[in-house]
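Structure, as structure tokens:
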Amino acid sequence: MNPIPENKIHCRDALRFTEGMPSESVDLVICDGPYGVTTHEWDQVANIQEFNLGLIERFSRVMKPGAALYLFGKCDCVDFVDYRPFLDLATKIVWYQPSRLAQGRRSYTNNYDIICYFTKGRVDQFNLDDIRVAQLVELEHRRRCENVPSVKNGRYGKTAFNEKGKNPGDVWGDIKQLTYKSKELLSRELLNTVQKPEKLIERLVRASSSEGDLVYDPFCGSGTVPAVCTRLNRRFVACEQNPEYAKIARQRIKATAKAERQLSLL
Ligand SMILES: C[S@@+](CC[C@H](N)C(=O)[O-])C[C@H]1O[C@@H](n2cnc3c(N)ncnc32)[C@H](O)[C@@H]1O
């Protein structure tokens, strides 16, 4: 199988495209595809769990041993299907969005998306120091806590705070969804269901890849993953079936690369 041209947006169907990729070739997959909940034509999937299982099987073949997959969806996006023959589910990250508008009166407003964090066997890289976030405790409270012993390996010891910040955990409320006022929003049409904030994608890319690694984005939409990869010196392979979105993504990558070149000249 020939290697797939890198740092390009391929205007293709993601399932067929993935089947044409060489085995064990990618370091990270970021999959923000159909959720099966909106009225978009691209989101019409008969059974989202079966669809995701098919993706997981295909991705596991192209992932290197130890690589990670982040799969976006709603709360039940991988329920009732057995993905264990293909990948290990390390955790489900909750991307919490408190400011979502109220939806209906028959249930609770949905205030989060899920990002399933899968690994192919024992994970190869988790760059915690690159994704640490500020400690949420006030200085005074923190000093008091430092005098409270905590248990480590069965022994009491002084509570230690890492000056570089803490692990972001698996509930992320610190990254806001884009709004129509966001500078990075490319068009109103891409709001909510399509374009993701770069900050969110950046955390995934930094945590699970290094410079020069190959990142695969099968459903690239407006090109957030390729743009972040360009900025962070990762190689990427991206796929998008809608020619209009593919065009937007290509323009975005060009603009990002140009901005990076200008920055490097400063
Ligand atoms: C949630 S959006 C991705 C948004 C992207 N992460 C961004 O920030 O712009 C999902 C995208 O998947 C595309 N898509 C859906 N089914 C596809 C398929 N079978 N093959 C390729 N692209 C597909 C849609 O056109 C849509 O742009």
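All residue names refer to the structure tokens as shown: chains lettered A, B, ... in order, residues numbered from 1 in each chain, ligands numbered from 1 in order.
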Kindly assemble as a Markdown table a list of the chain A residues that lie within 10 Å of ligand 1, each paired with its nearest atom pair and their distance in Å to one decimal, using only C-alpha atoms and all ligand atoms, sorted first by chain and then by ascending residue number.
| residue | atom | partner | partner_atom_place_in_ligand_line | distance |
| --- | --- | --- | --- | --- |
| A:His10 | CA | ligand 1 | 21 (C) | 9.0 |
| A:Cys11 | CA | ligand 1 | 21 (C) | 7.4 |
| A:Arg12 | CA | ligand 1 | 21 (C) | 5.8 |
| A:Asp13 | CA | ligand 1 | 20 (N) | 3.6 |
| A:Ala14 | CA | ligand 1 | 20 (N) | 3.7 |
| A:Leu15 | CA | ligand 1 | 19 (N) | 6.0 |
| A:Arg16 | CA | ligand 1 | 20 (N) | 8.2 |
| A:Phe17 | CA | ligand 1 | 20 (N) | 8.2 |
| A:Thr18 | CA | ligand 1 | 20 (N) | 9.7 |
| A:Ile30 | CA | ligand 1 | 6 (N) | 8.3 |
| A:Cys31 | CA | ligand 1 | 6 (N) | 7.6 |
| A:Asp32 | CA | ligand 1 | 1 (C) | 5.0 |
| A:Gly33 | CA | ligand 1 | 10 (C) | 4.2 |
| A:Pro34 | CA | ligand 1 | 15 (C) | 5.6 |
| A:Tyr35 | CA | ligand 1 | 1 (C) | 7.5 |
| A:His40 | CA | ligand 1 | 24 (C) | 8.7 |
| A:Glu41 | CA | ligand 1 | 25 (O) | 8.3 |
| A:Trp42 | CA | ligand 1 | 15 (C) | 4.5 |
| A:Asp43 | CA | ligand 1 | 15 (C) | 6.4 |
| A:Gln44 | CA | ligand 1 | 16 (N) | 8.6 |
| A:Val45 | CA | ligand 1 | 16 (N) | 9.0 |
| A:Phe72 | CA | ligand 1 | 1 (C) | 8.4 |
| A:Gly73 | CA | ligand 1 | 1 (C) | 9.1 |
| A:Leu185 | CA | ligand 1 | 9 (O) | 9.7 |
| A:Leu186 | CA | ligand 1 | 9 (O) | 9.3 |
| A:Leu190 | CA | ligand 1 | 9 (O) | 7.3 |
| A:Leu191 | CA | ligand 1 | 9 (O) | 9.2 |
| A:Asn192 | CA | ligand 1 | 1 (C) | 8.9 |
| A:Thr193 | CA | ligand 1 | 1 (C) | 5.6 |
| A:Val194 | CA | ligand 1 | 4 (C) | 4.2 |
| A:Gln195 | CA | ligand 1 | 8 (O) | 3.6 |
| A:Lys196 | CA | ligand 1 | 8 (O) | 3.9 |
| A:Pro197 | CA | ligand 1 | 8 (O) | 6.9 |
| A:Glu198 | CA | ligand 1 | 8 (O) | 7.8 |
| A:Leu200 | CA | ligand 1 | 8 (O) | 9.7 |
| A:Ile201 | CA | ligand 1 | 8 (O) | 8.3 |
| A:Asp217 | CA | ligand 1 | 6 (N) | 8.1 |
| A:Pro218 | CA | ligand 1 | 21 (C) | 6.4 |
| A:Phe219 | CA | ligand 1 | 12 (O) | 4.0 |
| A:Cys220 | CA | ligand 1 | 5 (C) | 4.7 |
| A:Gly221 | CA | ligand 1 | 27 (O) | 3.4 |
| A:Ser222 | CA | ligand 1 | 9 (O) | 3.6 |
| A:Gly223 | CA | ligand 1 | 9 (O) | 5.1 |
| A:Thr224 | CA | ligand 1 | 8 (O) | 4.3 |
| A:Val225 | CA | ligand 1 | 6 (N) | 6.5 |
| A:Pro226 | CA | ligand 1 | 8 (O) | 9.3 |
| A:Ala227 | CA | ligand 1 | 8 (O) | 9.5 |
| A:Ala238 | CA | ligand 1 | 21 (C) | 9.3 |
| A:Cys239 | CA | ligand 1 | 21 (C) | 5.8 |
| A:Glu240 | CA | ligand 1 | 22 (N) | 4.0 |
| A:Gln241 | CA | ligand 1 | 21 (C) | 4.0 |
| A:Asn242 | CA | ligand 1 | 25 (O) | 5.0 |
| A:Pro243 | CA | ligand 1 | 25 (O) | 8.6 |
| A:Glu244 | CA | ligand 1 | 25 (O) | 8.9 |
| A:Tyr245 | CA | ligand 1 | 27 (O) | 6.2 |
| A:Ala246 | CA | ligand 1 | 27 (O) | 8.2 |
| A:Ile248 | CA | ligand 1 | 9 (O) | 9.3 |
| A:Ala249 | CA | ligand 1 | 9 (O) | 7.9 |
Expected file: the selected residues, C-alpha atoms, as a compact mmCIF listing (two decimals), in the first residue's frame:
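New file again_31.txt:
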# COMPACT_ATOMS: atom_id res chain seq x y z
CA HIS A 10 -8.47 14.69 0.75
CA CYS A 11 -12.02 15.28 -0.46
CA ARG A 12 -13.25 11.71 0.02
CA ASP A 13 -15.52 9.46 2.05
CA ALA A 14 -13.70 8.81 5.34
CA LEU A 15 -14.55 5.11 5.62
CA ARG A 16 -13.24 4.21 2.16
CA PHE A 17 -10.28 6.55 2.60
CA THR A 18 -9.26 4.90 5.88
CA ILE A 30 -8.81 12.80 16.18
CA CYS A 31 -12.29 11.82 15.03
CA ASP A 32 -14.97 14.53 15.20
CA GLY A 33 -17.44 12.96 12.80
CA PRO A 34 -21.22 12.39 12.82
CA TYR A 35 -22.98 12.49 16.22
CA HIS A 40 -27.41 18.00 8.87
CA GLU A 41 -27.30 15.65 5.92
CA TRP A 42 -23.82 14.48 7.01
CA ASP A 43 -25.14 13.60 10.47
CA GLN A 44 -27.78 11.11 9.27
CA VAL A 45 -26.49 7.81 10.64
CA PHE A 72 -16.24 12.80 19.77
CA GLY A 73 -19.91 12.12 20.40
CA LEU A 185 -15.09 31.48 13.87
CA LEU A 186 -14.79 31.22 10.07
CA LEU A 190 -20.00 26.49 10.97
CA LEU A 191 -21.18 27.49 14.46
CA ASN A 192 -22.12 24.83 17.08
CA THR A 193 -22.09 21.57 15.16
CA VAL A 194 -19.03 22.00 12.95
CA GLN A 195 -16.10 24.21 13.93
CA LYS A 196 -14.35 23.28 17.20
CA PRO A 197 -12.19 25.69 19.25
CA GLU A 198 -8.47 25.40 18.47
CA LEU A 200 -9.70 22.11 22.61
CA ILE A 201 -7.97 20.39 19.70
CA ASP A 217 -8.35 13.60 11.01
CA PRO A 218 -10.98 11.62 9.03
CA PHE A 219 -13.77 14.25 9.29
CA CYS A 220 -11.90 17.53 9.14
CA GLY A 221 -14.79 19.97 8.44
CA SER A 222 -13.35 23.50 8.56
CA GLY A 223 -9.83 22.14 9.22
CA THR A 224 -9.32 22.80 12.93
CA VAL A 225 -7.11 19.72 13.45
CA PRO A 226 -4.92 20.40 10.35
CA ALA A 227 -4.57 24.08 11.36
CA ALA A 238 -7.15 14.87 6.68
CA CYS A 239 -10.33 13.83 4.91
CA GLU A 240 -13.60 15.70 4.28
CA GLN A 241 -16.39 14.68 1.91
CA ASN A 242 -17.95 18.13 1.47
CA PRO A 243 -16.01 20.08 -1.22
CA GLU A 244 -17.09 23.43 0.28
CA TYR A 245 -15.70 22.52 3.71
CA ALA A 246 -12.57 21.02 2.14
CA ILE A 248 -12.42 26.30 3.63
CA ALA A 249 -9.98 23.92 5.37
Could you give me the residues within stretch 24-254 of chain A that DSSP places in helix (DSSP H, G or I), as an MDAnalysis selection string? chainID A and resid 41:43 48:62 128:130 139:146 188:190 198:208 224:231 243:254
Distance query A:Arg132 at most 9 Å, only C-alpha atoms, self and fewer than 2 positions along chain excluded, as a ChimeraX atom specification: /A:128-130,134-135,164-168
Would you output that residue set with N, CA and C atoms, as a PDB file, in the first residue's frame?
ATOM      1  N   LEU A 128       1.851  15.019  29.798  1.00  0.00           N
ATOM      2  CA  LEU A 128       1.126  15.763  30.824  1.00  0.00           C
ATOM      3  C   LEU A 128       1.666  17.184  31.022  1.00  0.00           C
ATOM      4  N   ASP A 129       2.984  17.335  31.014  1.00  0.00           N
ATOM      5  CA  ASP A 129       3.548  18.666  31.271  1.00  0.00           C
ATOM      6  C   ASP A 129       3.153  19.675  30.193  1.00  0.00           C
ATOM      7  N   ASP A 130       2.762  19.186  29.030  1.00  0.00           N
ATOM      8  CA  ASP A 130       2.377  20.101  27.942  1.00  0.00           C
ATOM      9  C   ASP A 130       0.920  20.543  28.029  1.00  0.00           C
ATOM     10  N   ALA A 134      -3.919  25.679  35.298  1.00  0.00           N
ATOM     11  CA  ALA A 134      -3.681  26.367  36.571  1.00  0.00           C
ATOM     12  C   ALA A 134      -4.400  25.653  37.718  1.00  0.00           C
ATOM     13  N   GLN A 135      -3.757  25.623  38.885  1.00  0.00           N
ATOM     14  CA  GLN A 135      -4.424  25.092  40.085  1.00  0.00           C
ATOM     15  C   GLN A 135      -5.594  26.018  40.386  1.00  0.00           C
ATOM     16  N   LYS A 164       3.894  23.766  38.038  1.00  0.00           N
ATOM     17  CA  LYS A 164       3.589  23.908  36.599  1.00  0.00           C
ATOM     18  C   LYS A 164       2.093  23.776  36.322  1.00  0.00           C
ATOM     19  N   GLY A 165       1.309  23.479  37.359  1.00  0.00           N
ATOM     20  CA  GLY A 165      -0.133  23.320  37.163  1.00  0.00           C
ATOM     21  C   GLY A 165      -0.541  21.879  37.383  1.00  0.00           C
ATOM     22  N   LYS A 166      -1.853  21.639  37.180  1.00  0.00           N
ATOM     23  CA  LYS A 166      -2.358  20.289  37.484  1.00  0.00           C
ATOM     24  C   LYS A 166      -2.841  19.582  36.222  1.00  0.00           C
ATOM     25  N   ASN A 167      -3.027  18.304  36.349  1.00  0.00           N
ATOM     26  CA  ASN A 167      -3.626  17.486  35.297  1.00  0.00           C
ATOM     27  C   ASN A 167      -5.030  18.045  35.017  1.00  0.00           C
ATOM     28  N   PRO A 168      -5.404  18.250  33.742  1.00  0.00           N
ATOM     29  CA  PRO A 168      -6.714  18.860  33.467  1.00  0.00           C
ATOM     30  C   PRO A 168      -7.901  17.978  33.852  1.00  0.00           C
TER      31      PRO A 168
END
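Among the candidates A:Ile115, A:Ile253, A:Leu139, A:Val94, the one nearest to A:Glu163 when counting only C-alpha atoms is A:Leu139.
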Excluding A:Ile56 and its own-chain neighbours fewer than 2 positions away, which residues fall within 12 Å of it when counting only C-alpha atoms? Please give them as a VMD selection string. chain A and resid 15 18 29 to 31 49 to 54 58 to 63 68 to 72 77 to 78 81 to 89 116 to 120 218
Preceding selection exported with C-alpha atoms as a PDB file, in the first residue's frame:
ATOM      1  CA  LEU A  15     -14.548   5.111   5.621  1.00  0.00           C
ATOM      2  CA  THR A  18      -9.260   4.896   5.883  1.00  0.00           C
ATOM      3  CA  VAL A  29      -6.428   9.942  15.379  1.00  0.00           C
ATOM      4  CA  ILE A  30      -8.812  12.800  16.177  1.00  0.00           C
ATOM      5  CA  CYS A  31     -12.290  11.820  15.034  1.00  0.00           C
ATOM      6  CA  GLN A  49     -22.940   3.063  18.003  1.00  0.00           C
ATOM      7  CA  GLU A  50     -22.570   0.600  15.104  1.00  0.00           C
ATOM      8  CA  PHE A  51     -21.135   3.389  12.955  1.00  0.00           C
ATOM      9  CA  ASN A  52     -18.570   4.262  15.641  1.00  0.00           C
ATOM     10  CA  LEU A  53     -17.665   0.603  16.123  1.00  0.00           C
ATOM     11  CA  GLY A  54     -16.915   0.384  12.376  1.00  0.00           C
ATOM     12  CA  ARG A  58     -10.752   0.720  10.880  1.00  0.00           C
ATOM     13  CA  PHE A  59      -8.727   3.176  12.977  1.00  0.00           C
ATOM     14  CA  SER A  60      -7.186   0.426  15.109  1.00  0.00           C
ATOM     15  CA  ARG A  61      -5.592  -1.044  11.963  1.00  0.00           C
ATOM     16  CA  VAL A  62      -3.978   2.255  10.890  1.00  0.00           C
ATOM     17  CA  MET A  63      -2.856   3.258  14.407  1.00  0.00           C
ATOM     18  CA  ALA A  68      -4.343   7.232  20.816  1.00  0.00           C
ATOM     19  CA  LEU A  69      -7.785   7.864  19.311  1.00  0.00           C
ATOM     20  CA  TYR A  70     -10.095  10.677  20.458  1.00  0.00           C
ATOM     21  CA  LEU A  71     -13.655  10.022  19.310  1.00  0.00           C
ATOM     22  CA  PHE A  72     -16.236  12.803  19.769  1.00  0.00           C
ATOM     23  CA  CYS A  77     -21.878   7.151  21.477  1.00  0.00           C
ATOM     24  CA  VAL A  78     -20.058   3.873  22.225  1.00  0.00           C
ATOM     25  CA  VAL A  81     -21.092  -2.236  21.289  1.00  0.00           C
ATOM     26  CA  ASP A  82     -17.917  -4.152  22.041  1.00  0.00           C
ATOM     27  CA  TYR A  83     -14.882  -2.148  20.977  1.00  0.00           C
ATOM     28  CA  ARG A  84     -12.529  -4.156  23.244  1.00  0.00           C
ATOM     29  CA  PRO A  85     -11.173  -6.455  20.498  1.00  0.00           C
ATOM     30  CA  PHE A  86      -9.794  -3.322  18.797  1.00  0.00           C
ATOM     31  CA  LEU A  87      -8.880  -0.634  21.343  1.00  0.00           C
ATOM     32  CA  ASP A  88      -8.847   0.106  25.075  1.00  0.00           C
ATOM     33  CA  LEU A  89     -11.093   2.849  26.425  1.00  0.00           C
ATOM     34  CA  CYS A 116     -13.744   9.003  24.177  1.00  0.00           C
ATOM     35  CA  TYR A 117     -10.020   8.537  24.754  1.00  0.00           C
ATOM     36  CA  PHE A 118      -8.939   5.164  23.352  1.00  0.00           C
ATOM     37  CA  THR A 119      -5.455   3.696  23.170  1.00  0.00           C
ATOM     38  CA  LYS A 120      -4.033   0.824  21.152  1.00  0.00           C
ATOM     39  CA  PRO A 218     -10.977  11.619   9.031  1.00  0.00           C
TER      40      PRO A 218
END
Distance query A:Gly20 at most 9 Å, only C-alpha atoms, self and fewer than 5 positions along chain excluded, as a PDB file with C-alpha atoms, in the first residue's frame:
ATOM      1  CA  MET A   1       0.000   0.000   0.000  1.00  0.00           C
ATOM      2  CA  ASN A   2       1.383   3.429  -0.964  1.00  0.00           C
ATOM      3  CA  ILE A   4      -1.076   8.665   1.681  1.00  0.00           C
TER       4      ILE A   4
END
Atom CA of A:Val237 to atom CA of A:Glu6, straight-line distance in Å: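 Calculated distance between atom CA of A:Glu6 and atom CA of A:Val237 is 5.1 Å.
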Which of stretch 65-159 of chain A end up as strand (DSSP E or B) when DSSP is run on this backbone - answer as an MDAnalysis selection string? chainID A and resid 65:73 88:96 112:119 133 149:152 155:158
Near-stretch 95-100 of chain A list (10 Å; only C-alpha atoms; drop same-chain fewer than 5 positions) as number ranges by chain: A: 72, 109-115, 170-177, 192, 200
Separation of atom CA of A:Asp27 and atom CA of A:Val215, in Å?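 Separation between atom CA of A:Asp27 and atom CA of A:Val215: 6.0 Å.
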Which residue, A:Thr38, A:Asn7, A:Val133, A:Arg144, has the smallest gap to A:Arg203 when you use only C-alpha atoms? A:Val133
Kindly indicate which residue among A:Arg188, A:Lys247, A:Lys254, A:His141 lies nearest to A:Thr230, using only C-alpha atoms for the distances.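 Closest to A:Thr230, using only C-alpha atoms: A:Lys254.
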May I ask for the distance between atom CA of A:Glu211 and atom CA of A:Arg234, given in Å to one decimal place?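 Interatomic distance here is 5.1 Å.
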